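Have a look at the structure below, then the notes.
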Amino acid sequence: MYTIDLQSRVPIYEQVYNCIKNMLLDGELKKDDKLPSVRELAKQLGVNPNTVTKAFQALERDKIIYTVPGRGSYANNIMTDELKQKAMTEFVSAANNAIRAGAEKQELIDRIGGL
């Protein structure tokens with residue numbers, strides 16, 4: 001299900017991007033599944049079609065989706081090495097933010113150990 005939070009500080013196009021990426025990671029979308037059209041998704045979410053277009057362009061740039069002219073956009077197979085690298089980059093950024101917010105390194109290690 002495509003959802004966004006209009007009250008969030010995260011830009012809507014980023015929320016759409018993350019929603020579709022997470023649906024792929026969670027198995028809700030499979031390779032070659034057709035996505036709703038830009039207009040359909042914009043209407044469903046109650047946002048401007050340009051916002052969805054921006055998200056789709058970023059998804060295509062990152063090879064998370066692909067577009068067939070005149071046919072629509074489809075889920076792509078996310079390459080595991082690229083996905084792992086992106087996840088590690090996001091993890092390091094989140095860990096640094098947690099440390100700047102006062103978390104101790106041992107707290108982070110303990111949290112990871114509990115996964």
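We label chains A, B, ... in the order they appear in the structure tokens, count residues from 1 in each chain, and number ligands from 1 in the order shown.
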Q: Quick one: pick out all alpha helix (DSSP H) residues within segment 15-101 of chain A from a backbone DSSP run and write them as an MDAnalysis selection string.
A: chainID A and resid 15:25 38:45 49:61 80:100
Would you save the residues from that selection as a PDB file, in the first residue's frame, using C-alpha atoms?
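Here's the written file selection.pdb:
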```pdb
ATOM      1  CA  GLN A  15       8.512   9.441   1.041  1.00  0.00           C
ATOM      2  CA  VAL A  16       7.182   8.055  -2.257  1.00  0.00           C
ATOM      3  CA  TYR A  17      10.717   6.935  -3.189  1.00  0.00           C
ATOM      4  CA  ASN A  18      11.208   5.211   0.181  1.00  0.00           C
ATOM      5  CA  CYS A  19       7.750   3.656   0.109  1.00  0.00           C
ATOM      6  CA  ILE A  20       8.353   1.969  -3.252  1.00  0.00           C
ATOM      7  CA  LYS A  21      11.898   0.921  -2.324  1.00  0.00           C
ATOM      8  CA  ASN A  22      10.673  -0.573   0.950  1.00  0.00           C
ATOM      9  CA  MET A  23       7.832  -2.387  -0.803  1.00  0.00           C
ATOM     10  CA  LEU A  24      10.464  -4.061  -2.988  1.00  0.00           C
ATOM     11  CA  LEU A  25      12.655  -4.913  -0.011  1.00  0.00           C
ATOM     12  CA  VAL A  38       2.046   8.870 -12.072  1.00  0.00           C
ATOM     13  CA  ARG A  39      -1.452  10.334 -12.221  1.00  0.00           C
ATOM     14  CA  GLU A  40      -3.064   7.345 -10.503  1.00  0.00           C
ATOM     15  CA  LEU A  41      -0.559   7.393  -7.654  1.00  0.00           C
ATOM     16  CA  ALA A  42      -0.742  11.170  -7.284  1.00  0.00           C
ATOM     17  CA  LYS A  43      -4.534  10.962  -7.053  1.00  0.00           C
ATOM     18  CA  GLN A  44      -4.371   8.090  -4.553  1.00  0.00           C
ATOM     19  CA  LEU A  45      -1.914  10.006  -2.345  1.00  0.00           C
ATOM     20  CA  PRO A  49       1.681  14.574 -10.165  1.00  0.00           C
ATOM     21  CA  ASN A  50       4.984  16.473 -10.473  1.00  0.00           C
ATOM     22  CA  THR A  51       5.903  15.196  -7.008  1.00  0.00           C
ATOM     23  CA  VAL A  52       5.336  11.574  -8.044  1.00  0.00           C
ATOM     24  CA  THR A  53       7.223  12.209 -11.293  1.00  0.00           C
ATOM     25  CA  LYS A  54      10.217  13.448  -9.286  1.00  0.00           C
ATOM     26  CA  ALA A  55      10.114  10.299  -7.121  1.00  0.00           C
ATOM     27  CA  PHE A  56       9.837   8.029 -10.170  1.00  0.00           C
ATOM     28  CA  GLN A  57      12.768   9.805 -11.827  1.00  0.00           C
ATOM     29  CA  ALA A  58      14.908   9.239  -8.725  1.00  0.00           C
ATOM     30  CA  LEU A  59      13.794   5.594  -8.518  1.00  0.00           C
ATOM     31  CA  GLU A  60      14.683   5.076 -12.164  1.00  0.00           C
ATOM     32  CA  ARG A  61      18.029   6.834 -11.746  1.00  0.00           C
ATOM     33  CA  THR A  80      22.081  -6.787  -3.451  1.00  0.00           C
ATOM     34  CA  ASP A  81      25.576  -5.247  -3.487  1.00  0.00           C
ATOM     35  CA  GLU A  82      24.167  -1.812  -4.260  1.00  0.00           C
ATOM     36  CA  LEU A  83      21.458  -2.280  -1.670  1.00  0.00           C
ATOM     37  CA  LYS A  84      23.976  -3.382   0.959  1.00  0.00           C
ATOM     38  CA  GLN A  85      26.231  -0.391   0.238  1.00  0.00           C
ATOM     39  CA  LYS A  86      23.333   2.037   0.451  1.00  0.00           C
ATOM     40  CA  ALA A  87      22.111   0.449   3.696  1.00  0.00           C
ATOM     41  CA  MET A  88      25.600   0.653   5.214  1.00  0.00           C
ATOM     42  CA  THR A  89      25.888   4.323   4.260  1.00  0.00           C
ATOM     43  CA  GLU A  90      22.511   5.046   5.852  1.00  0.00           C
ATOM     44  CA  PHE A  91      23.520   3.030   8.925  1.00  0.00           C
ATOM     45  CA  VAL A  92      26.759   4.985   9.411  1.00  0.00           C
ATOM     46  CA  SER A  93      24.872   8.256   9.049  1.00  0.00           C
ATOM     47  CA  ALA A  94      22.219   7.160  11.566  1.00  0.00           C
ATOM     48  CA  ALA A  95      24.874   5.928  14.015  1.00  0.00           C
ATOM     49  CA  ASN A  96      26.747   9.242  13.768  1.00  0.00           C
ATOM     50  CA  ASN A  97      23.488  11.132  14.379  1.00  0.00           C
ATOM     51  CA  ALA A  98      22.754   8.969  17.424  1.00  0.00           C
ATOM     52  CA  ILE A  99      26.235   9.623  18.846  1.00  0.00           C
ATOM     53  CA  ARG A 100      25.860  13.370  18.269  1.00  0.00           C
TER      54      ARG A 100
END
```
Close residues, segment 71-79 of chain A itself excluded, 8 Å, only C-alpha atoms, min 3 positions apart in chain, as a PDB file with N, CA and C atoms, in the first residue's frame:
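Output contents, as saved in out.pdb:
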```pdb
ATOM      1  N   LEU A  24       9.617  -3.085  -2.294  1.00  0.00           N
ATOM      2  CA  LEU A  24      10.464  -4.061  -2.988  1.00  0.00           C
ATOM      3  C   LEU A  24      11.264  -4.890  -1.981  1.00  0.00           C
ATOM      4  N   LEU A  29       6.362  -5.818  -3.558  1.00  0.00           N
ATOM      5  CA  LEU A  29       6.525  -5.660  -5.002  1.00  0.00           C
ATOM      6  C   LEU A  29       7.596  -6.636  -5.452  1.00  0.00           C
ATOM      7  N   LYS A  30       7.349  -7.273  -6.559  1.00  0.00           N
ATOM      8  CA  LYS A  30       8.312  -8.200  -7.144  1.00  0.00           C
ATOM      9  C   LYS A  30       8.837  -7.619  -8.448  1.00  0.00           C
ATOM     10  N   LYS A  31       9.947  -8.149  -8.920  1.00  0.00           N
ATOM     11  CA  LYS A  31      10.513  -7.705 -10.194  1.00  0.00           C
ATOM     12  C   LYS A  31       9.451  -7.788 -11.275  1.00  0.00           C
ATOM     13  N   ASP A  32       9.380  -6.744 -12.066  1.00  0.00           N
ATOM     14  CA  ASP A  32       8.463  -6.620 -13.203  1.00  0.00           C
ATOM     15  C   ASP A  32       7.007  -6.357 -12.809  1.00  0.00           C
ATOM     16  N   ASP A  33       6.723  -6.155 -11.513  1.00  0.00           N
ATOM     17  CA  ASP A  33       5.369  -5.727 -11.132  1.00  0.00           C
ATOM     18  C   ASP A  33       5.143  -4.320 -11.659  1.00  0.00           C
ATOM     19  N   LYS A  34       3.975  -4.086 -12.218  1.00  0.00           N
ATOM     20  CA  LYS A  34       3.648  -2.766 -12.764  1.00  0.00           C
ATOM     21  C   LYS A  34       3.242  -1.833 -11.627  1.00  0.00           C
ATOM     22  N   LEU A  35       3.794  -0.636 -11.658  1.00  0.00           N
ATOM     23  CA  LEU A  35       3.433   0.392 -10.687  1.00  0.00           C
ATOM     24  C   LEU A  35       2.244   1.188 -11.212  1.00  0.00           C
ATOM     25  N   PRO A  36       1.519   1.843 -10.317  1.00  0.00           N
ATOM     26  CA  PRO A  36       0.456   2.723 -10.802  1.00  0.00           C
ATOM     27  C   PRO A  36       1.065   3.840 -11.653  1.00  0.00           C
ATOM     28  N   SER A  37       0.270   4.401 -12.538  1.00  0.00           N
ATOM     29  CA  SER A  37       0.761   5.532 -13.319  1.00  0.00           C
ATOM     30  C   SER A  37       1.012   6.704 -12.374  1.00  0.00           C
ATOM     31  N   LYS A  63      17.926   2.799 -10.415  1.00  0.00           N
ATOM     32  CA  LYS A  63      17.659   1.467 -10.967  1.00  0.00           C
ATOM     33  C   LYS A  63      16.748   0.620 -10.087  1.00  0.00           C
ATOM     34  N   ILE A  64      15.878   1.278  -9.328  1.00  0.00           N
ATOM     35  CA  ILE A  64      14.907   0.583  -8.492  1.00  0.00           C
ATOM     36  C   ILE A  64      13.657   0.269  -9.312  1.00  0.00           C
ATOM     37  N   ILE A  65      13.364   1.125 -10.286  1.00  0.00           N
ATOM     38  CA  ILE A  65      12.280   0.862 -11.233  1.00  0.00           C
ATOM     39  C   ILE A  65      12.811   1.110 -12.640  1.00  0.00           C
ATOM     40  N   TYR A  66      12.056   0.666 -13.627  1.00  0.00           N
ATOM     41  CA  TYR A  66      12.373   0.996 -15.010  1.00  0.00           C
ATOM     42  C   TYR A  66      11.072   1.352 -15.706  1.00  0.00           C
ATOM     43  N   THR A  67      11.173   2.172 -16.737  1.00  0.00           N
ATOM     44  CA  THR A  67      10.003   2.638 -17.454  1.00  0.00           C
ATOM     45  C   THR A  67      10.059   2.158 -18.901  1.00  0.00           C
ATOM     46  N   VAL A  68       8.928   1.679 -19.373  1.00  0.00           N
ATOM     47  CA  VAL A  68       8.769   1.308 -20.772  1.00  0.00           C
ATOM     48  C   VAL A  68       7.860   2.363 -21.387  1.00  0.00           C
ATOM     49  N   GLU A  82      24.526  -3.223  -4.317  1.00  0.00           N
ATOM     50  CA  GLU A  82      24.167  -1.812  -4.260  1.00  0.00           C
ATOM     51  C   GLU A  82      23.291  -1.534  -3.051  1.00  0.00           C
ATOM     52  N   LEU A  83      22.355  -2.427  -2.802  1.00  0.00           N
ATOM     53  CA  LEU A  83      21.458  -2.280  -1.670  1.00  0.00           C
ATOM     54  C   LEU A  83      22.231  -2.320  -0.358  1.00  0.00           C
TER      55      LEU A  83
END
```
Q: Please give the complete set of residues from chain A that DSSP, run on the backbone, assigns to strand (DSSP E), formatted as a list in words.
A: Ile65, Tyr66, Thr67, Val68, Gly72, Ser73, Tyr74 and Ala75 of chain A
Output file for the selection above: C-alpha atoms, as a PDB file, in the first residue's frame:
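Result file part_27.pdb:
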```pdb
ATOM      1  CA  ILE A  65      12.280   0.862 -11.233  1.00  0.00           C
ATOM      2  CA  TYR A  66      12.373   0.996 -15.010  1.00  0.00           C
ATOM      3  CA  THR A  67      10.003   2.638 -17.454  1.00  0.00           C
ATOM      4  CA  VAL A  68       8.769   1.308 -20.772  1.00  0.00           C
ATOM      5  CA  GLY A  72       4.356   2.377 -17.641  1.00  0.00           C
ATOM      6  CA  SER A  73       6.827   1.877 -14.843  1.00  0.00           C
ATOM      7  CA  TYR A  74       7.832  -1.467 -13.372  1.00  0.00           C
ATOM      8  CA  ALA A  75       9.675  -2.724 -10.307  1.00  0.00           C
TER       9      ALA A  75
END
```
Q: Just give me the gap between atom CA of Pro69 of chain A and atom CA of Thr3 of chain A in Å, one decimal is fine.
A: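 Answer for the atom CA of Pro69 of chain A to atom CA of Thr3 of chain A separation: 25.7 Å.
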Q. How many Å lie between atom CA of Val47 of chain A and atom CA of Ile12 of chain A, rounded to one decimal?
A. 8.3 Å
